[in-house]
Amino acid sequence: MPMARNPEPATPLELERKLTTILSADVAGYSRLMAEDEEATLSTFRRHRAVFEVLVALHRGRIFNTAGDAILAEFASTLEAVRCASEIQALLRTRNDQLPPARRVEFRIGVNLGDVVVQGTDLLGDGVNVAARLQAGAPPGGVWMSGSVHEQVRNKVALSFRPLGDQNFKNIPKPVRAFAIVGAEAPTLLTRRRDTAVRWLAAASVLLAIGGGYWGYAQYQAAGIERAAAEAAGQQTALAEAARQNAERHLALLQSERAAADAARRAAEAALRQQQANAAAPPTPAKLAAAAVPAPAAAGGDKVFGGLVCYGGPTSGGSRSAEAAECSQARVTVSGGTIAGKWPGANPGVTNVAAGKVAASGEANIEIDGEAEDGSRIFTVNLSGTIQAGKLDASGRFPDGRPAWLSWRHLGG
């Protein structure tokens, strides 16, 4: 009697993972602040968060999760993440100095370099958890980082670091070697000048005890130190004002970019609805006549096509998700059966590069690659469609199933 085969073990679900730098932040004493004055706390928090968002964008990061007073961001560069954390605390400290001590909204920040699980636009796993534990240990206005982050930045940034030793965190199986940024906590120039003035005044007291002849000299030195302290205070005020104006300019730029992205999304939704309506409508004599027009690529000379190209979010039942679509304006040249073009992507620092072929029948196949500033390829998507009656329509899917589509018109040539 033949032996029964053991069933093969089920293949586990493959998860997409990557190595990235996580910045975790929340507000110290947020519950107390809300209980004491809810409206004032929310107003201050919104202003602080706007500064937070601008600085994350400037350092080429992205905020991937928020909940209440918590903010999670990721950075491809560990150095940029540390610089961003330090600048956030420095700028928010300037803003908090204008508030009463009991009403200050101060962030605690933790930074970790680790492996994470990608789930749509969200990130999960120990890499995120360690950053959150470091943030919880940091003091208000402070930044804690893991040893993996310190190894990457210790000789590359003009900050000082204080070793904290191995830290044992809840639900983290192994101790985490931690460091604190002390550059952001260092005394200001004004504080150092005032400390120097105190030491000079103490020395003057000793001289007076020894002999009255030194009194005039000590007074002269003290007056000079006071003038230096006043000058330092004026310099710090000017620097703080310049930093505030710079942050507000970047915030206005970010808001303008968001408005443009919203307009592009609405245009993509309208184009998608029109395309769906056209597909559902029965063919008319005009449509049949247009379909019989030869493909423009079959004729000689260069032709320019342009319009929207959209990358959708997760799909449901095979339909495009226009609500999560990222769209950008594109333009390509069709010449001798070849398609070529390049344009800025919807995300900062990404360039879309298109290359493809057009058959004499009008069938078009296009590959679009997303390239970072260093030339590395971020994504690739293949689309297929047709050129008919001065229109180039094509669609396709990313490897993870997200849809992509374009609808271009003949612009000239």
# chains A, B, ... in the order shown; residues from 1 in each chain; ligands from 1
call {"tool": "closest_atom_pairs", "arguments": {"of": "range 35-109 of chain A", "to": "range 141-148 of chain A", "cutoff": "12 Å", "atoms": "only C-alpha atoms", "output": "tab-separated table"}}
result
residue	atom	partner	partner_atom	distance
A:Thr78	CA	A:Ser148	CA	9.5
A:Leu79	CA	A:Ser148	CA	11.6
A:Ala81	CA	A:Met145	CA	10.4
A:Val82	CA	A:Met145	CA	8.5
A:Arg83	CA	A:Val143	CA	10.8
A:Cys84	CA	A:Val143	CA	10.7
A:Ala85	CA	A:Val143	CA	7.0
A:Ser86	CA	A:Val143	CA	7.4
A:Glu87	CA	A:Val143	CA	10.7
A:Ile88	CA	A:Gly141	CA	9.2
A:Gln89	CA	A:Gly141	CA	5.8
A:Ala90	CA	A:Gly141	CA	8.4
A:Leu91	CA	A:Gly141	CA	10.4
A:Leu92	CA	A:Gly141	CA	8.3
A:Arg93	CA	A:Gly141	CA	7.2
A:Thr94	CA	A:Gly141	CA	11.0
A:Arg95	CA	A:Gly141	CA	11.9
A:Asn96	CA	A:Gly141	CA	10.0
A:Asp97	CA	A:Gly141	CA	11.7
A:Arg104	CA	A:Gly141	CA	10.3
A:Val105	CA	A:Gly141	CA	9.2
A:Glu106	CA	A:Gly141	CA	5.5
A:Phe107	CA	A:Gly141	CA	5.4
A:Arg108	CA	A:Gly141	CA	5.6
A:Ile109	CA	A:Val143	CA	4.8
call {"tool": "write_last_selection", "arguments": {"atoms": "C-alpha atoms", "output": "PDB file, in the first residue's frame"}}
result
ATOM      1  CA  THR A  78      19.428  59.170   8.925  1.00  0.00           C
ATOM      2  CA  LEU A  79      21.484  62.379   8.936  1.00  0.00           C
ATOM      3  CA  ALA A  81      16.260  62.858  10.344  1.00  0.00           C
ATOM      4  CA  VAL A  82      18.641  63.944  13.143  1.00  0.00           C
ATOM      5  CA  ARG A  83      19.043  67.432  11.681  1.00  0.00           C
ATOM      6  CA  CYS A  84      15.274  67.735  11.372  1.00  0.00           C
ATOM      7  CA  ALA A  85      14.719  66.662  15.020  1.00  0.00           C
ATOM      8  CA  SER A  86      17.310  69.178  16.274  1.00  0.00           C
ATOM      9  CA  GLU A  87      15.874  72.047  14.193  1.00  0.00           C
ATOM     10  CA  ILE A  88      12.301  71.261  15.277  1.00  0.00           C
ATOM     11  CA  GLN A  89      13.250  71.509  18.954  1.00  0.00           C
ATOM     12  CA  ALA A  90      15.311  74.691  18.412  1.00  0.00           C
ATOM     13  CA  LEU A  91      12.541  76.506  16.514  1.00  0.00           C
ATOM     14  CA  LEU A  92       9.736  75.363  18.826  1.00  0.00           C
ATOM     15  CA  ARG A  93      11.829  76.388  21.847  1.00  0.00           C
ATOM     16  CA  THR A  94      11.928  79.931  20.432  1.00  0.00           C
ATOM     17  CA  ARG A  95       8.148  79.908  20.045  1.00  0.00           C
ATOM     18  CA  ASN A  96       7.551  78.392  23.503  1.00  0.00           C
ATOM     19  CA  ASP A  97       9.743  81.069  25.133  1.00  0.00           C
ATOM     20  CA  ARG A 104       4.187  75.681  26.669  1.00  0.00           C
ATOM     21  CA  VAL A 105       3.555  72.842  24.206  1.00  0.00           C
ATOM     22  CA  GLU A 106       6.849  70.922  24.181  1.00  0.00           C
ATOM     23  CA  PHE A 107       7.584  67.869  22.045  1.00  0.00           C
ATOM     24  CA  ARG A 108       9.632  64.833  23.030  1.00  0.00           C
ATOM     25  CA  ILE A 109      11.351  63.163  20.066  1.00  0.00           C
TER      26      ILE A 109
END
call {"tool": "atom_distance", "arguments": {"atom1": "CA of Ile22 in chain A", "atom2": "CA of Gly370 in chain A"}}
result
23.2 Å
call {"tool": "atom_distance", "arguments": {"atom1": "CA of Val128 in chain A", "atom2": "CA of Arg60 in chain A"}}
result
18.4 Å
call {"tool": "residues_around", "arguments": {"residues": "Gln119 in chain A", "least_positions_apart": "4", "cutoff": "10 Å", "atoms": "only C-alpha atoms", "output": "ChimeraX atom specification"}}
result
/A:15-17,123-124
call {"tool": "closest_atom_pairs", "arguments": {"of": "range 370-397 of chain A", "to": "range 334-353 of chain A", "cutoff": "6 Å", "atoms": "only C-alpha atoms", "output": "tab-separated table"}}
result
residue	atom	partner	partner_atom	distance
A:Gly370	CA	A:Asn352	CA	4.7
A:Glu371	CA	A:Thr351	CA	5.2
A:Ala372	CA	A:Val350	CA	4.9
A:Glu373	CA	A:Gly349	CA	5.9
call {"tool": "write_last_selection", "arguments": {"atoms": "N, CA and C atoms", "output": "PDB file, in the first residue's frame"}}
result
ATOM      1  N   GLY A 370      10.134  55.854 -12.033  1.00  0.00           N
ATOM      2  CA  GLY A 370      10.320  56.964 -11.101  1.00  0.00           C
ATOM      3  C   GLY A 370      11.758  56.962 -10.613  1.00  0.00           C
ATOM      4  N   GLU A 371      12.456  58.040 -10.841  1.00  0.00           N
ATOM      5  CA  GLU A 371      13.867  58.119 -10.482  1.00  0.00           C
ATOM      6  C   GLU A 371      14.082  59.181  -9.412  1.00  0.00           C
ATOM      7  N   ALA A 372      14.925  58.834  -8.385  1.00  0.00           N
ATOM      8  CA  ALA A 372      15.299  59.787  -7.349  1.00  0.00           C
ATOM      9  C   ALA A 372      16.407  60.702  -7.873  1.00  0.00           C
ATOM     10  N   GLU A 373      16.757  61.722  -7.077  1.00  0.00           N
ATOM     11  CA  GLU A 373      17.761  62.682  -7.522  1.00  0.00           C
ATOM     12  C   GLU A 373      19.125  62.037  -7.732  1.00  0.00           C
TER      13      GLU A 373
END
call {"tool": "select_by_dssp", "arguments": {"residues": "range 43-77 of chain A", "states": "strand (DSSP E or B)", "output": "ChimeraX atom specification"}}
result
/A:61-67,70-75
call {"tool": "write_last_selection", "arguments": {"atoms": "N, CA and C atoms", "output": "PDB file, in the first residue's frame"}}
result
ATOM      1  N   GLY A  61      11.634  64.176   4.310  1.00  0.00           N
ATOM      2  CA  GLY A  61      10.932  63.115   5.020  1.00  0.00           C
ATOM      3  C   GLY A  61       9.457  63.141   4.674  1.00  0.00           C
ATOM      4  N   ARG A  62       8.700  62.219   5.276  1.00  0.00           N
ATOM      5  CA  ARG A  62       7.245  62.208   5.088  1.00  0.00           C
ATOM      6  C   ARG A  62       6.591  61.775   6.383  1.00  0.00           C
ATOM      7  N   ILE A  63       5.485  62.422   6.739  1.00  0.00           N
ATOM      8  CA  ILE A  63       4.694  62.027   7.901  1.00  0.00           C
ATOM      9  C   ILE A  63       3.752  60.919   7.462  1.00  0.00           C
ATOM     10  N   PHE A  64       3.882  59.738   8.097  1.00  0.00           N
ATOM     11  CA  PHE A  64       3.062  58.609   7.659  1.00  0.00           C
ATOM     12  C   PHE A  64       1.972  58.230   8.658  1.00  0.00           C
ATOM     13  N   ASN A  65       1.954  58.850   9.838  1.00  0.00           N
ATOM     14  CA  ASN A  65       0.895  58.501  10.792  1.00  0.00           C
ATOM     15  C   ASN A  65       0.789  59.607  11.839  1.00  0.00           C
ATOM     16  N   THR A  66      -0.433  59.933  12.234  1.00  0.00           N
ATOM     17  CA  THR A  66      -0.686  60.877  13.327  1.00  0.00           C
ATOM     18  C   THR A  66      -1.863  60.347  14.138  1.00  0.00           C
ATOM     19  N   ALA A  67      -1.814  60.612  15.424  1.00  0.00           N
ATOM     20  CA  ALA A  67      -2.924  60.234  16.299  1.00  0.00           C
ATOM     21  C   ALA A  67      -2.891  61.155  17.504  1.00  0.00           C
ATOM     22  N   ALA A  70       0.447  62.733  18.719  1.00  0.00           N
ATOM     23  CA  ALA A  70       1.594  61.947  18.257  1.00  0.00           C
ATOM     24  C   ALA A  70       1.807  62.144  16.763  1.00  0.00           C
ATOM     25  N   ILE A  71       3.080  62.180  16.356  1.00  0.00           N
ATOM     26  CA  ILE A  71       3.454  62.330  14.945  1.00  0.00           C
ATOM     27  C   ILE A  71       4.555  61.327  14.631  1.00  0.00           C
ATOM     28  N   LEU A  72       4.391  60.573  13.535  1.00  0.00           N
ATOM     29  CA  LEU A  72       5.409  59.624  13.081  1.00  0.00           C
ATOM     30  C   LEU A  72       5.848  60.012  11.679  1.00  0.00           C
ATOM     31  N   ALA A  73       7.164  60.098  11.462  1.00  0.00           N
ATOM     32  CA  ALA A  73       7.708  60.455  10.156  1.00  0.00           C
ATOM     33  C   ALA A  73       8.850  59.512   9.807  1.00  0.00           C
ATOM     34  N   GLU A  74       9.098  59.325   8.510  1.00  0.00           N
ATOM     35  CA  GLU A  74      10.224  58.503   8.065  1.00  0.00           C
ATOM     36  C   GLU A  74      11.127  59.303   7.153  1.00  0.00           C
ATOM     37  N   PHE A  75      12.420  58.943   7.169  1.00  0.00           N
ATOM     38  CA  PHE A  75      13.430  59.612   6.367  1.00  0.00           C
ATOM     39  C   PHE A  75      14.309  58.561   5.707  1.00  0.00           C
TER      40      PHE A  75
END
call {"tool": "residues_around", "arguments": {"residues": "Asp400 in chain A", "least_positions_apart": "4", "cutoff": "12 Å", "atoms": "only C-alpha atoms", "output": "PyMOL selection string"}}
result
chain A and resi 14-16+118-120+312-315+379-381+396+404
call {"tool": "select_by_dssp", "arguments": {"residues": "range 28-87 of chain A", "states": "alpha helix (DSSP H)", "output": "PDB file with N, CA and C atoms, in the first residue's frame"}}
result
ATOM      1  N   TYR A  30       0.346  66.522  27.504  1.00  0.00           N
ATOM      2  CA  TYR A  30      -0.739  66.974  26.629  1.00  0.00           C
ATOM      3  C   TYR A  30      -2.108  66.900  27.332  1.00  0.00           C
ATOM      4  N   SER A  31      -2.347  65.843  28.094  1.00  0.00           N
ATOM      5  CA  SER A  31      -3.644  65.706  28.783  1.00  0.00           C
ATOM      6  C   SER A  31      -3.864  66.837  29.776  1.00  0.00           C
ATOM      7  N   ARG A  32      -2.802  67.190  30.539  1.00  0.00           N
ATOM      8  CA  ARG A  32      -2.941  68.296  31.502  1.00  0.00           C
ATOM      9  C   ARG A  32      -3.237  69.609  30.784  1.00  0.00           C
ATOM     10  N   LEU A  33      -2.493  69.874  29.694  1.00  0.00           N
ATOM     11  CA  LEU A  33      -2.697  71.115  28.939  1.00  0.00           C
ATOM     12  C   LEU A  33      -4.116  71.208  28.403  1.00  0.00           C
ATOM     13  N   MET A  34      -4.641  70.091  27.876  1.00  0.00           N
ATOM     14  CA  MET A  34      -5.997  70.083  27.343  1.00  0.00           C
ATOM     15  C   MET A  34      -7.030  70.286  28.445  1.00  0.00           C
ATOM     16  N   ALA A  35      -6.784  69.688  29.601  1.00  0.00           N
ATOM     17  CA  ALA A  35      -7.739  69.821  30.696  1.00  0.00           C
ATOM     18  C   ALA A  35      -7.790  71.260  31.208  1.00  0.00           C
ATOM     19  N   GLU A  36      -6.636  71.961  31.196  1.00  0.00           N
ATOM     20  CA  GLU A  36      -6.587  73.321  31.728  1.00  0.00           C
ATOM     21  C   GLU A  36      -7.161  74.341  30.747  1.00  0.00           C
ATOM     22  N   GLU A  38      -8.412  73.894  26.743  1.00  0.00           N
ATOM     23  CA  GLU A  38      -8.466  73.087  25.524  1.00  0.00           C
ATOM     24  C   GLU A  38      -8.241  73.913  24.266  1.00  0.00           C
ATOM     25  N   GLU A  39      -8.909  75.068  24.150  1.00  0.00           N
ATOM     26  CA  GLU A  39      -8.806  75.869  22.929  1.00  0.00           C
ATOM     27  C   GLU A  39      -7.398  76.426  22.736  1.00  0.00           C
ATOM     28  N   ALA A  40      -6.806  76.955  23.797  1.00  0.00           N
ATOM     29  CA  ALA A  40      -5.457  77.518  23.682  1.00  0.00           C
ATOM     30  C   ALA A  40      -4.445  76.432  23.339  1.00  0.00           C
ATOM     31  N   THR A  41      -4.604  75.242  23.958  1.00  0.00           N
ATOM     32  CA  THR A  41      -3.674  74.146  23.685  1.00  0.00           C
ATOM     33  C   THR A  41      -3.764  73.707  22.230  1.00  0.00           C
ATOM     34  N   LEU A  42      -5.000  73.548  21.718  1.00  0.00           N
ATOM     35  CA  LEU A  42      -5.165  73.126  20.324  1.00  0.00           C
ATOM     36  C   LEU A  42      -4.607  74.176  19.360  1.00  0.00           C
ATOM     37  N   SER A  43      -4.813  75.462  19.668  1.00  0.00           N
ATOM     38  CA  SER A  43      -4.294  76.513  18.796  1.00  0.00           C
ATOM     39  C   SER A  43      -2.767  76.482  18.738  1.00  0.00           C
ATOM     40  N   THR A  44      -2.112  76.350  19.907  1.00  0.00           N
ATOM     41  CA  THR A  44      -0.644  76.292  19.939  1.00  0.00           C
ATOM     42  C   THR A  44      -0.144  75.031  19.256  1.00  0.00           C
ATOM     43  N   PHE A  45      -0.816  73.900  19.509  1.00  0.00           N
ATOM     44  CA  PHE A  45      -0.381  72.625  18.911  1.00  0.00           C
ATOM     45  C   PHE A  45      -0.457  72.688  17.379  1.00  0.00           C
ATOM     46  N   ARG A  46      -1.541  73.292  16.845  1.00  0.00           N
ATOM     47  CA  ARG A  46      -1.667  73.377  15.381  1.00  0.00           C
ATOM     48  C   ARG A  46      -0.534  74.219  14.785  1.00  0.00           C
ATOM     49  N   ARG A  47      -0.180  75.324  15.448  1.00  0.00           N
ATOM     50  CA  ARG A  47       0.918  76.149  14.938  1.00  0.00           C
ATOM     51  C   ARG A  47       2.242  75.399  15.010  1.00  0.00           C
ATOM     52  N   HIS A  48       2.476  74.691  16.121  1.00  0.00           N
ATOM     53  CA  HIS A  48       3.707  73.901  16.244  1.00  0.00           C
ATOM     54  C   HIS A  48       3.737  72.797  15.197  1.00  0.00           C
ATOM     55  N   ARG A  49       2.595  72.152  14.969  1.00  0.00           N
ATOM     56  CA  ARG A  49       2.583  71.053  14.010  1.00  0.00           C
ATOM     57  C   ARG A  49       2.851  71.563  12.584  1.00  0.00           C
ATOM     58  N   ALA A  50       2.385  72.772  12.257  1.00  0.00           N
ATOM     59  CA  ALA A  50       2.674  73.335  10.933  1.00  0.00           C
ATOM     60  C   ALA A  50       4.178  73.504  10.745  1.00  0.00           C
ATOM     61  N   VAL A  51       4.872  73.986  11.785  1.00  0.00           N
ATOM     62  CA  VAL A  51       6.335  74.088  11.722  1.00  0.00           C
ATOM     63  C   VAL A  51       6.948  72.705  11.557  1.00  0.00           C
ATOM     64  N   PHE A  52       6.431  71.737  12.301  1.00  0.00           N
ATOM     65  CA  PHE A  52       6.903  70.354  12.244  1.00  0.00           C
ATOM     66  C   PHE A  52       6.806  69.824  10.813  1.00  0.00           C
ATOM     67  N   GLU A  53       5.636  70.020  10.176  1.00  0.00           N
ATOM     68  CA  GLU A  53       5.419  69.491   8.825  1.00  0.00           C
ATOM     69  C   GLU A  53       6.356  70.139   7.801  1.00  0.00           C
ATOM     70  N   VAL A  54       6.557  71.455   7.938  1.00  0.00           N
ATOM     71  CA  VAL A  54       7.441  72.149   7.005  1.00  0.00           C
ATOM     72  C   VAL A  54       8.858  71.620   7.107  1.00  0.00           C
ATOM     73  N   LEU A  55       9.376  71.451   8.327  1.00  0.00           N
ATOM     74  CA  LEU A  55      10.755  70.995   8.504  1.00  0.00           C
ATOM     75  C   LEU A  55      10.924  69.547   8.043  1.00  0.00           C
ATOM     76  N   VAL A  56       9.923  68.700   8.278  1.00  0.00           N
ATOM     77  CA  VAL A  56      10.007  67.320   7.776  1.00  0.00           C
ATOM     78  C   VAL A  56      10.100  67.312   6.255  1.00  0.00           C
ATOM     79  N   ALA A  57       9.277  68.133   5.601  1.00  0.00           N
ATOM     80  CA  ALA A  57       9.322  68.200   4.134  1.00  0.00           C
ATOM     81  C   ALA A  57      10.657  68.745   3.637  1.00  0.00           C
ATOM     82  N   LEU A  58      11.183  69.762   4.329  1.00  0.00           N
ATOM     83  CA  LEU A  58      12.461  70.349   3.902  1.00  0.00           C
ATOM     84  C   LEU A  58      13.600  69.347   4.000  1.00  0.00           C
ATOM     85  N   THR A  78      19.354  59.068   7.466  1.00  0.00           N
ATOM     86  CA  THR A  78      19.428  59.170   8.925  1.00  0.00           C
ATOM     87  C   THR A  78      19.949  60.538   9.345  1.00  0.00           C
ATOM     88  N   LEU A  79      20.928  61.065   8.616  1.00  0.00           N
ATOM     89  CA  LEU A  79      21.484  62.379   8.936  1.00  0.00           C
ATOM     90  C   LEU A  79      20.409  63.455   8.852  1.00  0.00           C
ATOM     91  N   GLU A  80      19.562  63.414   7.797  1.00  0.00           N
ATOM     92  CA  GLU A  80      18.491  64.404   7.655  1.00  0.00           C
ATOM     93  C   GLU A  80      17.478  64.278   8.789  1.00  0.00           C
ATOM     94  N   ALA A  81      17.212  63.054   9.240  1.00  0.00           N
ATOM     95  CA  ALA A  81      16.260  62.858  10.344  1.00  0.00           C
ATOM     96  C   ALA A  81      16.768  63.521  11.622  1.00  0.00           C
ATOM     97  N   VAL A  82      18.072  63.355  11.929  1.00  0.00           N
ATOM     98  CA  VAL A  82      18.641  63.944  13.143  1.00  0.00           C
ATOM     99  C   VAL A  82      18.663  65.467  13.031  1.00  0.00           C
ATOM    100  N   ARG A  83      19.059  65.977  11.863  1.00  0.00           N
ATOM    101  CA  ARG A  83      19.043  67.432  11.681  1.00  0.00           C
ATOM    102  C   ARG A  83      17.637  67.988  11.838  1.00  0.00           C
ATOM    103  N   CYS A  84      16.664  67.288  11.275  1.00  0.00           N
ATOM    104  CA  CYS A  84      15.274  67.735  11.372  1.00  0.00           C
ATOM    105  C   CYS A  84      14.815  67.775  12.830  1.00  0.00           C
ATOM    106  N   ALA A  85      15.119  66.716  13.607  1.00  0.00           N
ATOM    107  CA  ALA A  85      14.719  66.662  15.020  1.00  0.00           C
ATOM    108  C   ALA A  85      15.334  67.820  15.797  1.00  0.00           C
ATOM    109  N   SER A  86      16.625  68.091  15.561  1.00  0.00           N
ATOM    110  CA  SER A  86      17.310  69.178  16.274  1.00  0.00           C
ATOM    111  C   SER A  86      16.713  70.535  15.922  1.00  0.00           C
ATOM    112  N   GLU A  87      16.420  70.758  14.615  1.00  0.00           N
ATOM    113  CA  GLU A  87      15.874  72.047  14.193  1.00  0.00           C
ATOM    114  C   GLU A  87      14.448  72.243  14.692  1.00  0.00           C
TER     115      GLU A  87
END
call {"tool": "closest_residue", "arguments": {"among": "A:Gly412, A:Gly306, A:Gly362, A:Gly401", "to": "Ala389 in chain A", "atoms": "only C-alpha atoms"}}
result
A:Gly362
